[in-house]
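J.: Provided herewith is a single structure, encoded as structure tokens, for subsequent inquiry.
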Amino acid sequence: MLGTKLRLPVARPNLVPRRRLTDRLATALPRVVLVSAPAGFGKTTLLAQWLRDSDDPDRRVAWVSLDEADNDPARLLEHVVAALASVRDLPDASRLMADDADPPALAVLTSVVNDLDLHAGSTVLALDDYHVVESPEAQAVTAFLLEHAPPQLTLAIATRADPMLPLPRLRARGELLELRAADLRFTQDETSSFLDRVMGLELPPADVRALADRTEGWVAGLQLAGLSLQGVQDSTGFVHDFTGTNRFVLDYLVDEVLAHQPADVRRFLLDTSVLHELTGSLTDALTGRSDGGAVLEALDRGNLFVVPLDDQRTWYRYHHLFVEALRARLLSDHPDRVPLLHHAASVWYAARDRPLDAVRHAFAAAEPAHAAGLVEWALPDLRRERRDGLLRQWLTALPDDAVRDRALLATYRAWTRLVEGDLDGVDAWLADAESAYEAHPPVPAPQASAATREELRTLPATIAIFRASAAQARGDTDASKRHAHRALDLAGPDDHMARGGAAGFLGMAAWAEGDLGEAVTTFTTAVRSLAAAGDVADEFGGTVPLGSMWVARGRPDEARRLFERALAGAQDHPGAALATLGDLHVGLADVLVEQGHLDLAGEHLRAASALGDTASLLENRYRLTMTAARLHRAQGDLDAALRLLQHSADRYVPGFFPDIRPLAAQRARLHIARGLLDDAREWATTAGVDQQVAGGYLEEFNQLTYVRLLIAEQRADPDPGAAADRLGEAESRLTAIAAGAGAGGRGATVVEVHLLRSLLHDARGQHAAALGELARALDLGVPHGFVRLFLDEGEPLEQLLAAAERHPAAAAHARTLRHATYLPGAATADTGVADALSERELDVLRLLATTLTGPDIARELYVSVNTLRTHTKHIFTKLDVNTRRAAVERARELGHL
Amino acid sequence: MTHQPAPTGRDRAWYEIRLQGQLGTHWATRFDGMTLTALEDGTTVLHGPVADQAALHGLLRQLGDIGITLLSVHQHDPATSTTPATEQGD
């Protein structure tokens with residue numbers, strides 16, 4: 001049915017030409033055409049008339065007939081993109097939409113804007129019935145297009161209420177063409193032409209004038225009046241009665257029109273008024289007749305307020321105003337019939353696999369049990385399509401009693417509570433779900449879809465996973481693990497989604513507990529299960545924590561391989577990967593910094609930064625600046641690193657992932673490296689790290705930082721009296737850490753402990769012991785890619801490495817660290833500034849600042865549109881922006897223009 | 001009929017909405033809980049309790065959907081005005 005939403009309304013024969021209005025639209029296209037007037041003023045007809053009659057062969061019209069469902073930004077965007085893509089090639093945006101059921105809106109919108117710029121001809125995006133778009137999130141979709149789309153795009157909006165767009169600014173700039181009620185009212189001439197040509201009435205001029213006055217040029221009133229006059233001999237008498245009454249025009253005329261219909265047609269109109277769309281067999285289901293199709297055709301021919309939705313004239317709808325009047329009449333005169341009619345409609349839609357309409361009518365029929373059954377039937381597919389908003393709305397609308405004894409619904413009612421953070425509610429509904437499951441386990445219908453079968457089969461595992469999730473939200477790791485284990489026991493070998501979810505919880509719990517051997521194994525299984533389930537988005541998202549686990553495991557090389565593979569795979573799934581694509585770049589950059597590949601790391605950070613926040617999960621966003629801080633430190637710019645860390649701290653949001661490198665401790669490490677030992681000491685005191693003697697994995701980073709502080713303090717103040725205390729304390733802390741790290745398979749910590757022991761011995765003047773520990777650290781660390789772990793220690797370590805080069809046991813690795821191209825000093829890239837733009841790119845940039853369209857620019861430069869596209873993409877990346885407009889602004893700021 | 005939200009809710013208020021044209025009484029079912037009175041002067045008064053501002057906006061939008069002209073919207077205390085039909089004009 002998407003087709004009928006996205007097509008220009010079918011042309012009616014004999015429309016009244018409205019040149020005084022359409023001519024105003026025929027000149028140069030403004031940015032926005034706003035047709036704003038109450039119901040029944042002929043907005044849609046006028047807009048369609050204008051757009052159909054255009055004589056510009058290069059113009060394309062994308063039409064969307066909006067309805068209540070479009071008040072959801074995801075639906076609105078889907079329909080806008082589908083409409084635009086039906087008239088213009090939008091390769092990037094279409095790829096994003098095709099790949100993922102729910103791609104990030106901002107990414108899609110920027111792709112649309114950039115794709116549109118490459119078409120020379122004008123494109124009109126017509127949004128009819130725009131008043132249904134009320135939510136700020138949905139309105140933001142239109143506002144973004146208005147703000148960023150190239151000048152070739154015109155927005156044509158028909159609405160009953162002025163949209164939340166910057167109308168005064170558009171007016172002041174002459175970018176707005178408005179047609180309002182006063183413009184749309186039919187003049188005497190138009191009234192005459194309408195009654196004559198469209199309604200086939202020949203009325204005396206005085207009657208025409210009287211009708212025009214009484215209806216005030218309101219075309220819906222004129223049409224109703226015309227219908228009432230069909231076959232009436234004494235038109236003057238009718239006009240006299242009509243003008244003599246104070247009754248609301250719509251009321252009076254609809255009553256007149258209905259009175260002129262045979263009883264069976266009147267009943268047909270009232271009964272079918274509960275429908276949003278009409279087709280023969282659907283109306284038959286409601287009326288008990290068998291000639292619905294013929295009745296609709298007759299209504300269409302008789303101009304009786306049916307609007308055809310397709311060329312074949314199989315689907316119709318009533319005119320909005322007419323149907324409002326019919327429904328009020330039905331509700332008042334036959335209230336008992338209303339639920340029966342909705343029920344019949346619901347059954348008809350259900351039999352035709354249209355769950356959304358079936359459920360809507362079931363709710364309207366006030367039949368909770370029936371509605372619950374339908375929601376249950378539609379749920380697995382909605383889940384698969386990620387229509388979470390609609391599903392939550394339905395589940396919340398169902399009365400508790402209708403949900404409680406249906407295991408599937410009760411389980412997902414619990415999920416709605418989880419989303420709301422109502423953990424007690426989760427428990428209560430899951431308990432209901434389990435009793436319902438035991439009392440009568442749901443059995444899939446013979447014709448049930450694969451999604452339904454899997455959903456029902458894995459329901460017990462799903463319940464356990466929701467329990468694990470609630471326990472995790474409570475901070476109860478033991479309970480979370482228990483439930484996740486149970487979920488794994490309950491899931492079958494091929495229930496990939498359930499297995500992935502359960503293993504994910506177990507992997508995450510093992511990580512937080514510092515058992516990295518277990519964490520990596522379990523989480524790898526989780527990511528594989530998600531891949532097997534076809535959940536590409538979560539497969540990519542899971543790679544981010546898995547990479548961090550591999551680094552903690554002591555294997556940066558393995559983490560790098562994972563990130564690189566994921567980024568390569570992301571090329572094939574641009575939509576699904578997008579939600580975490582930036583995080584993957586940051587993850588890889590972090591590993592590259594560790595390995596000493598600073599230039600490459602800088603490139604990935606820029607890529608992540610250009611993708612923006614939409615390509616990063618909320619809880620990962622602080623990592624971009626954190627890794628940038630690491631990069632700057634590696635380049636020797638400790639002040640920049642400190643600033644970036646502060647930035648990170650501002651963006652830090654606690655999430656599911658354990659906080660294994662607390663930002664405050666990272667800052668303390670920078671303070672130590674910078675010689676600001678008092679600042680670092682203050683951190684230790686404030687955070688209580690100096691008082692903490694033992695502590696689990698989550699305390700480890702703090703402890704290792706504190707050990708560095710103790711050693712640095714001893715170096716700065718080589719008082720032999722204090723040495724025993726400070727270094728002794730450092731040593732005992734390292735011993736405590738070493739035991740746990742070894743048992744937990746935390747390879748990175750093991751290397752770090754050896755390294756710090758080496759520095760500790762060195763501070764004591766025990767050179768042989770220092771070199772021994774260093775050799776061990778190098779042996780374990782260098783082959784797997786640890787570089788910065790060593791080099792960040794600066795001067796004292798540099799001397800030890802020089803000494804180690806003369807020792808056969810450590811010479812090879814020490815040389816690797818000291819003489820590789822990525823040594824500090826060899827790293828020259830200044831990642832704070834965008835890559836220099838090439839001459840060619842500057843040429844393109846200058847043209848982007850003009851009003852030329854993409855194809856114009858390509859012609860100007862003697863290149864293809866595709867080549868231009870490549871140039872603009874490079875420019876966007878280098879300037880860290882994603883639209884033409886933003887590129888021009890940024891270039892001005894940077895003085896390129 | 002009554003509105004879903006608690007009738008004693010503090011956001012609840014009585015409103016009087018005046019419309020151009022005499023609206024048939026059959027619309028009353030549609031504007032749930034409101035009394036509909038057609039006046040001699042060719043206007044109609046909708047009068048009754050409204051749960052909160054969101055409900056009021058919803059009601060105004062329903063009126064917009066039938067294309068009727070809105071003349072005035074007043075909030076008032078039901079204790080001081082129980083007979084909308086005899087209210088003064090605007």
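Please note that chains go A, B, ... in the order of the structure tokens, that every chain numbers its residues from 1, and that ligands are numbered from 1 in the order shown.
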Restrict the calculation to only C-alpha atoms, then for each residue of chain B with any atom at most 7 Å from an atom of chain A give the closest atom pair and their distance in Å to one decimal, rows by chain and rising residue number, as a tab-separated table.

T.:
residue	atom	partner	partner_atom	distance
B:Gly21	CA	A:Phe248	CA	4.3
B:Gln22	CA	A:Arg247	CA	4.3
B:Leu23	CA	A:Phe248	CA	5.4
B:Gly24	CA	A:Asp251	CA	6.6
B:His26	CA	A:Ser332	CA	5.2
B:Trp27	CA	A:Ala328	CA	5.5
B:Thr29	CA	A:Ser332	CA	6.0
B:Arg30	CA	A:Ala328	CA	6.0
B:Gly42	CA	A:Asn246	CA	4.9
B:Gly64	CA	A:Pro38	CA	6.6
B:Asp65	CA	A:Ala39	CA	6.1
B:Ile66	CA	A:Leu321	CA	5.6
B:Gly67	CA	A:Ala39	CA	5.0

J.: Env of A:Leu286: 10 Å cut, atoms = only C-alpha atoms, seq-sep filter 2 positions within chain, self excluded. Answer as a tab-separated table (two decimals) with C-alpha atoms, in the first residue's frame.

T.:
chain	number	residue	atom	x	y	z
A	268	PHE	CA	-23.34	2.04	3.30
A	271	ASP	CA	-21.15	1.87	8.09
A	272	THR	CA	-17.99	2.26	6.06
A	274	VAL	CA	-15.09	3.71	10.30
A	275	LEU	CA	-12.55	2.76	7.61
A	281	SER	CA	-14.40	-6.67	-0.43
A	282	LEU	CA	-13.52	-4.76	2.75
A	283	THR	CA	-16.73	-2.75	2.61
A	284	ASP	CA	-18.62	-5.98	1.91
A	288	GLY	CA	-22.89	-7.69	4.42
A	289	ARG	CA	-23.44	-6.65	0.82
A	292	GLY	CA	-19.16	-2.81	-2.48
A	340	LEU	CA	-19.17	-4.55	15.32
A	341	LEU	CA	-17.99	-2.62	12.26
A	342	HIS	CA	-14.47	-2.25	13.67
A	343	HIS	CA	-14.43	-5.93	14.52
A	344	ALA	CA	-15.37	-6.89	10.97
A	345	ALA	CA	-12.63	-4.61	9.62
A	348	TRP	CA	-10.73	-8.64	7.25

J.: From a backbone DSSP assignment, name each residue in stretch 605-702 of chain A labelled helix (DSSP H, G or I), as a VMD selection string.

T.: chain A and resid 605 to 611 613 to 615 618 to 620 622 to 634 638 to 651 663 to 674 677 to 687 697 to 702

J.: Which residues, written as a ChimeraX atom specification, have at least one atom at most 9 Å from A:Thr452, with only C-alpha atoms counted and residues fewer than 4 positions away on the same chain left out?

T.: /A:377-381,444,448,456-457
